[in-house]
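Below you'll find the structure, written out as C-alpha coordinates, and then a few comments.
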Amino acid sequence: AKTWKMKPKKDGEAEKLTPENCCFSGCSVTNGKGKGIVIATGMGTRIGRIAQLIAGDNGGKQKKKCFCLPDMSANATPLQNSLEKLGGRIGIMAIGVCVVIFIIGVAMDRTDPSNPDSPAWLYMILIAVTLAVAAIPEGIPLCVTISLSIGCKDMVSKNVLVRKLAAVETLGSASVICSDKTGTLTEGKMTMVNMYAGGVDY
(Lines give C-alpha, C1' and ligand atoms only; values in the text may rest on other atoms or scores of the structure.)
Protein backbone atom coordinates (compact mmCIF):
# COMPACT_ATOMS: atom_id res chain seq x y z
CA ALA A 1 0.00 0.00 0.00
CA LYS A 2 1.14 3.48 -0.79
CA THR A 3 1.78 5.68 2.20
CA TRP A 4 1.83 9.47 2.32
CA LYS A 5 4.95 11.20 3.55
CA MET A 6 5.35 14.73 4.80
CA LYS A 7 7.38 16.79 2.38
CA PRO A 8 9.98 19.05 3.98
CA LYS A 9 9.20 22.75 3.83
CA LYS A 10 11.45 24.78 1.59
CA ASP A 11 12.96 28.08 2.68
CA GLY A 12 10.74 31.02 1.81
CA GLU A 13 7.77 28.82 0.96
CA ALA A 14 4.44 29.71 2.55
CA GLU A 15 3.05 27.22 5.01
CA LYS A 16 0.08 25.25 3.71
CA LEU A 17 -3.11 25.57 5.70
CA THR A 18 -4.39 22.16 4.64
CA PRO A 19 -2.36 18.96 4.12
CA GLU A 20 -2.30 17.61 0.60
CA ASN A 21 -4.02 14.36 1.58
CA CYS A 22 -7.15 16.02 3.00
CA CYS A 23 -10.41 16.47 1.16
CA PHE A 24 -13.61 18.26 2.11
CA SER A 25 -17.23 17.21 2.08
CA GLY A 26 -17.97 19.83 -0.54
CA CYS A 27 -15.43 18.39 -2.99
CA SER A 28 -16.67 16.37 -5.96
CA VAL A 29 -15.08 12.96 -6.67
CA THR A 30 -15.28 12.12 -10.38
CA ASN A 31 -13.88 8.56 -10.32
CA GLY A 32 -11.76 6.09 -8.37
CA LYS A 33 -11.91 4.45 -4.98
CA GLY A 34 -10.48 5.42 -1.64
CA LYS A 35 -10.75 5.32 2.13
CA GLY A 36 -10.73 8.21 4.49
CA ILE A 37 -10.87 9.13 8.16
CA VAL A 38 -13.35 11.74 9.30
CA ILE A 39 -11.51 14.25 11.46
CA ALA A 40 -14.31 16.82 11.96
CA THR A 41 -18.06 17.17 11.45
CA GLY A 42 -20.63 19.91 11.47
CA MET A 43 -19.39 23.38 12.36
CA GLY A 44 -15.92 21.97 13.15
CA THR A 45 -15.14 21.51 9.45
CA ARG A 46 -13.70 24.12 7.12
CA ILE A 47 -17.10 24.59 5.47
CA GLY A 48 -18.65 24.97 8.92
CA ARG A 49 -16.04 27.59 9.75
CA ILE A 50 -16.95 29.50 6.60
CA ALA A 51 -20.61 29.32 7.63
CA GLN A 52 -19.69 30.77 11.04
CA LEU A 53 -17.78 33.62 9.43
CA ILE A 54 -20.75 34.39 7.17
CA ALA A 55 -23.19 34.22 10.08
CA GLY A 56 -21.08 36.63 12.14
CA ASP A 57 -19.77 36.66 15.68
CA ASN A 58 -23.05 35.53 17.22
CA GLY A 59 -23.13 32.31 15.20
CA GLY A 60 -26.20 33.24 13.19
CA LYS A 61 -28.41 33.97 16.19
CA GLN A 62 -30.77 36.88 15.82
CA LYS A 63 -29.55 39.98 17.59
CA LYS A 64 -31.81 41.69 20.08
CA LYS A 65 -32.34 45.38 20.64
CA CYS A 66 -33.58 46.63 24.01
CA PHE A 67 -33.39 42.99 25.25
CA CYS A 68 -36.61 42.00 23.45
CA LEU A 69 -36.97 43.58 20.00
CA PRO A 70 -35.15 42.01 17.01
CA ASP A 71 -32.29 44.11 15.65
CA MET A 72 -32.91 44.63 11.93
CA SER A 73 -30.33 47.38 11.46
CA ALA A 74 -28.08 45.14 9.35
CA ASN A 75 -30.76 44.77 6.66
CA ALA A 76 -32.13 48.30 6.93
CA THR A 77 -31.89 50.71 4.02
CA PRO A 78 -30.33 54.18 4.41
CA LEU A 79 -33.81 55.72 4.43
CA GLN A 80 -34.92 53.39 7.24
CA ASN A 81 -31.81 54.25 9.25
CA SER A 82 -32.46 57.95 8.76
CA LEU A 83 -36.09 57.58 9.83
CA GLU A 84 -35.02 55.65 12.93
CA LYS A 85 -32.56 58.38 13.88
CA LEU A 86 -35.20 61.06 13.23
CA GLY A 87 -37.72 59.23 15.40
CA GLY A 88 -35.18 58.89 18.20
CA ARG A 89 -34.35 62.60 18.10
CA ILE A 90 -38.01 63.59 18.07
CA GLY A 91 -38.65 61.26 21.00
CA ILE A 92 -35.79 62.72 23.04
CA MET A 93 -36.95 66.26 22.30
CA ALA A 94 -40.53 65.35 23.24
CA ILE A 95 -39.44 63.85 26.56
CA GLY A 96 -37.35 66.94 27.30
CA VAL A 97 -40.24 69.28 26.54
CA CYS A 98 -42.63 67.20 28.66
CA VAL A 99 -40.24 67.26 31.63
CA VAL A 100 -39.87 71.03 31.35
CA ILE A 101 -43.64 71.53 31.16
CA PHE A 102 -44.15 69.23 34.13
CA ILE A 103 -41.64 71.17 36.24
CA ILE A 104 -43.09 74.54 35.25
CA GLY A 105 -46.66 73.36 35.91
CA VAL A 106 -45.80 72.00 39.34
CA ALA A 107 -43.88 75.20 40.18
CA MET A 108 -46.88 77.31 39.17
CA ASP A 109 -49.24 74.98 41.07
CA ARG A 110 -51.47 74.24 38.09
CA THR A 111 -54.42 72.10 39.14
CA ASP A 112 -57.27 70.41 37.31
CA PRO A 113 -60.02 73.02 36.69
CA SER A 114 -62.72 70.36 37.08
CA ASN A 115 -61.18 69.15 40.37
CA PRO A 116 -59.30 71.96 42.13
CA ASP A 117 -58.65 69.82 45.21
CA SER A 118 -56.42 67.36 43.27
CA PRO A 119 -52.64 67.81 43.59
CA ALA A 120 -50.84 69.77 40.89
CA TRP A 121 -48.24 67.07 40.21
CA LEU A 122 -50.93 64.52 39.30
CA TYR A 123 -52.57 66.88 36.82
CA MET A 124 -49.23 67.81 35.25
CA ILE A 125 -48.31 64.14 34.84
CA LEU A 126 -51.47 63.67 32.79
CA ILE A 127 -50.62 66.74 30.70
CA ALA A 128 -47.01 65.58 30.14
CA VAL A 129 -48.08 62.07 29.11
CA THR A 130 -50.66 63.53 26.72
CA LEU A 131 -48.03 65.74 25.10
CA ALA A 132 -45.58 62.83 24.80
CA VAL A 133 -48.16 60.63 23.08
CA ALA A 134 -49.13 63.45 20.72
CA ALA A 135 -45.47 64.08 19.80
CA ILE A 136 -44.87 60.51 18.55
CA PRO A 137 -44.46 60.76 14.74
CA GLU A 138 -46.57 57.75 13.78
CA GLY A 139 -47.43 59.35 10.44
CA ILE A 140 -43.84 59.37 9.09
CA PRO A 141 -43.78 55.68 7.96
CA LEU A 142 -47.10 56.19 6.22
CA CYS A 143 -45.83 59.23 4.33
CA VAL A 144 -42.65 57.39 3.30
CA THR A 145 -44.64 54.38 2.08
CA ILE A 146 -46.92 56.61 0.03
CA SER A 147 -43.92 58.40 -1.49
CA LEU A 148 -42.25 55.11 -2.45
CA SER A 149 -45.53 53.83 -3.89
CA ILE A 150 -45.77 56.91 -6.10
CA GLY A 151 -42.20 56.20 -7.24
CA CYS A 152 -43.20 52.60 -8.07
CA LYS A 153 -46.13 53.88 -10.10
CA ASP A 154 -43.88 56.20 -12.10
CA MET A 155 -41.42 53.38 -12.77
CA VAL A 156 -44.18 51.02 -13.90
CA SER A 157 -45.24 53.62 -16.45
CA LYS A 158 -41.68 53.33 -17.86
CA ASN A 159 -41.88 49.50 -18.07
CA VAL A 160 -39.85 48.89 -14.89
CA LEU A 161 -41.15 46.19 -12.56
CA VAL A 162 -40.49 46.78 -8.86
CA ARG A 163 -41.24 43.98 -6.40
CA LYS A 164 -40.08 45.69 -3.20
CA LEU A 165 -40.49 49.31 -2.16
CA ALA A 166 -36.93 49.39 -0.82
CA ALA A 167 -35.68 48.86 -4.40
CA VAL A 168 -37.12 52.25 -5.35
CA GLU A 169 -34.94 53.95 -2.76
CA THR A 170 -31.85 52.00 -3.87
CA LEU A 171 -32.42 52.87 -7.51
CA GLY A 172 -33.15 56.47 -6.63
CA SER A 173 -29.83 56.84 -4.78
CA ALA A 174 -27.84 55.45 -7.74
CA SER A 175 -26.17 58.16 -9.80
CA VAL A 176 -24.35 55.99 -12.35
CA ILE A 177 -25.46 52.64 -13.82
CA CYS A 178 -22.87 50.68 -15.81
CA SER A 179 -24.27 47.83 -17.87
CA ASP A 180 -22.37 45.61 -20.31
CA LYS A 181 -23.77 42.10 -19.89
CA THR A 182 -22.53 40.71 -23.20
CA GLY A 183 -18.89 41.68 -22.83
CA THR A 184 -18.78 40.76 -19.17
CA LEU A 185 -20.12 37.23 -19.62
CA THR A 186 -18.56 36.25 -22.94
CA GLU A 187 -15.21 38.04 -22.89
CA GLY A 188 -14.68 38.57 -19.15
CA LYS A 189 -13.97 42.28 -19.55
CA MET A 190 -14.65 44.46 -16.53
CA THR A 191 -12.92 47.62 -17.77
CA MET A 192 -14.84 50.86 -18.21
CA VAL A 193 -14.19 52.42 -21.60
CA ASN A 194 -16.51 55.47 -21.51
CA MET A 195 -17.68 57.80 -18.75
CA TYR A 196 -19.92 60.85 -18.69
CA ALA A 197 -19.66 63.09 -15.62
CA GLY A 198 -20.21 66.78 -15.01
CA GLY A 199 -21.18 67.44 -18.61
CA VAL A 200 -17.86 66.02 -19.90
CA ASP A 201 -17.54 62.81 -21.92
CA TYR A 202 -14.37 60.88 -21.05
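Chain identifiers are assigned as A, B, and so on, following the order in which chains appear in the C-alpha coordinates; residues are numbered from 1 within each chain, and ligands are numbered from 1 in order of appearance.
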- prompt: Quick one: residues within 9 Å of stretch 133-138 of chain A, only C-alpha atoms counted, chain neighbours fewer than 5 positions away excluded, as a PyMOL selection string?
  reply: chain A and resi 87+90-91+94+128
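Secondary structure by DSSP on the backbone puts the following residues of stretch 21-178 of chain A in strand (DSSP E or B): Lys64, Lys65, Leu69, Pro70, Asp112 and Asn115 of chain A.
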I need the residues from that last selection saved to file as a PDB file, in the first residue's frame (with N, CA, C and O atoms), if you can.
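File written: result.pdb
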```
ATOM      1  N   LYS A  64     -30.691  41.043  19.404  1.00  0.00           N
ATOM      2  CA  LYS A  64     -31.814  41.687  20.079  1.00  0.00           C
ATOM      3  C   LYS A  64     -31.460  43.135  20.362  1.00  0.00           C
ATOM      4  O   LYS A  64     -30.314  43.493  20.617  1.00  0.00           O
ATOM      5  N   LYS A  65     -32.480  43.971  20.311  1.00  0.00           N
ATOM      6  CA  LYS A  65     -32.339  45.375  20.638  1.00  0.00           C
ATOM      7  C   LYS A  65     -33.290  45.686  21.777  1.00  0.00           C
ATOM      8  O   LYS A  65     -34.460  45.323  21.718  1.00  0.00           O
ATOM      9  N   LEU A  69     -36.630  43.323  21.395  1.00  0.00           N
ATOM     10  CA  LEU A  69     -36.971  43.576  20.005  1.00  0.00           C
ATOM     11  C   LEU A  69     -35.861  43.069  19.091  1.00  0.00           C
ATOM     12  O   LEU A  69     -34.677  43.195  19.414  1.00  0.00           O
ATOM     13  N   PRO A  70     -36.201  42.473  17.936  1.00  0.00           N
ATOM     14  CA  PRO A  70     -35.154  42.011  17.013  1.00  0.00           C
ATOM     15  C   PRO A  70     -34.432  43.189  16.377  1.00  0.00           C
ATOM     16  O   PRO A  70     -35.050  44.195  16.023  1.00  0.00           O
ATOM     17  N   ASP A 112     -56.198  70.767  38.233  1.00  0.00           N
ATOM     18  CA  ASP A 112     -57.272  70.415  37.306  1.00  0.00           C
ATOM     19  C   ASP A 112     -58.455  71.362  37.540  1.00  0.00           C
ATOM     20  O   ASP A 112     -58.971  71.449  38.662  1.00  0.00           O
ATOM     21  N   ASN A 115     -61.392  69.669  39.016  1.00  0.00           N
ATOM     22  CA  ASN A 115     -61.184  69.148  40.373  1.00  0.00           C
ATOM     23  C   ASN A 115     -60.054  69.938  41.033  1.00  0.00           C
ATOM     24  O   ASN A 115     -58.909  69.494  41.080  1.00  0.00           O
TER      25      ASN A 115
END
```
query: Mind pulling up the distance from atom CA of A:Glu84 to atom CA of A:Gly151?
result: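 These two atoms are separated by 21.4 Å.
With only C-alpha atoms as the atoms that count, the minimum distance from A:Cys143 to the choices A:Leu83, A:Gly198, A:Ser173, A:Val100 is reached by A:Leu83.
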- request: Return the single residue from A:Ile104, A:Gly199, A:Ile39, A:Leu86 that is closest to A:Pro141, with distances computed using only C-alpha atoms.
  value: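 The shortest atom-to-atom distance to A:Pro141 comes from A:Leu86.
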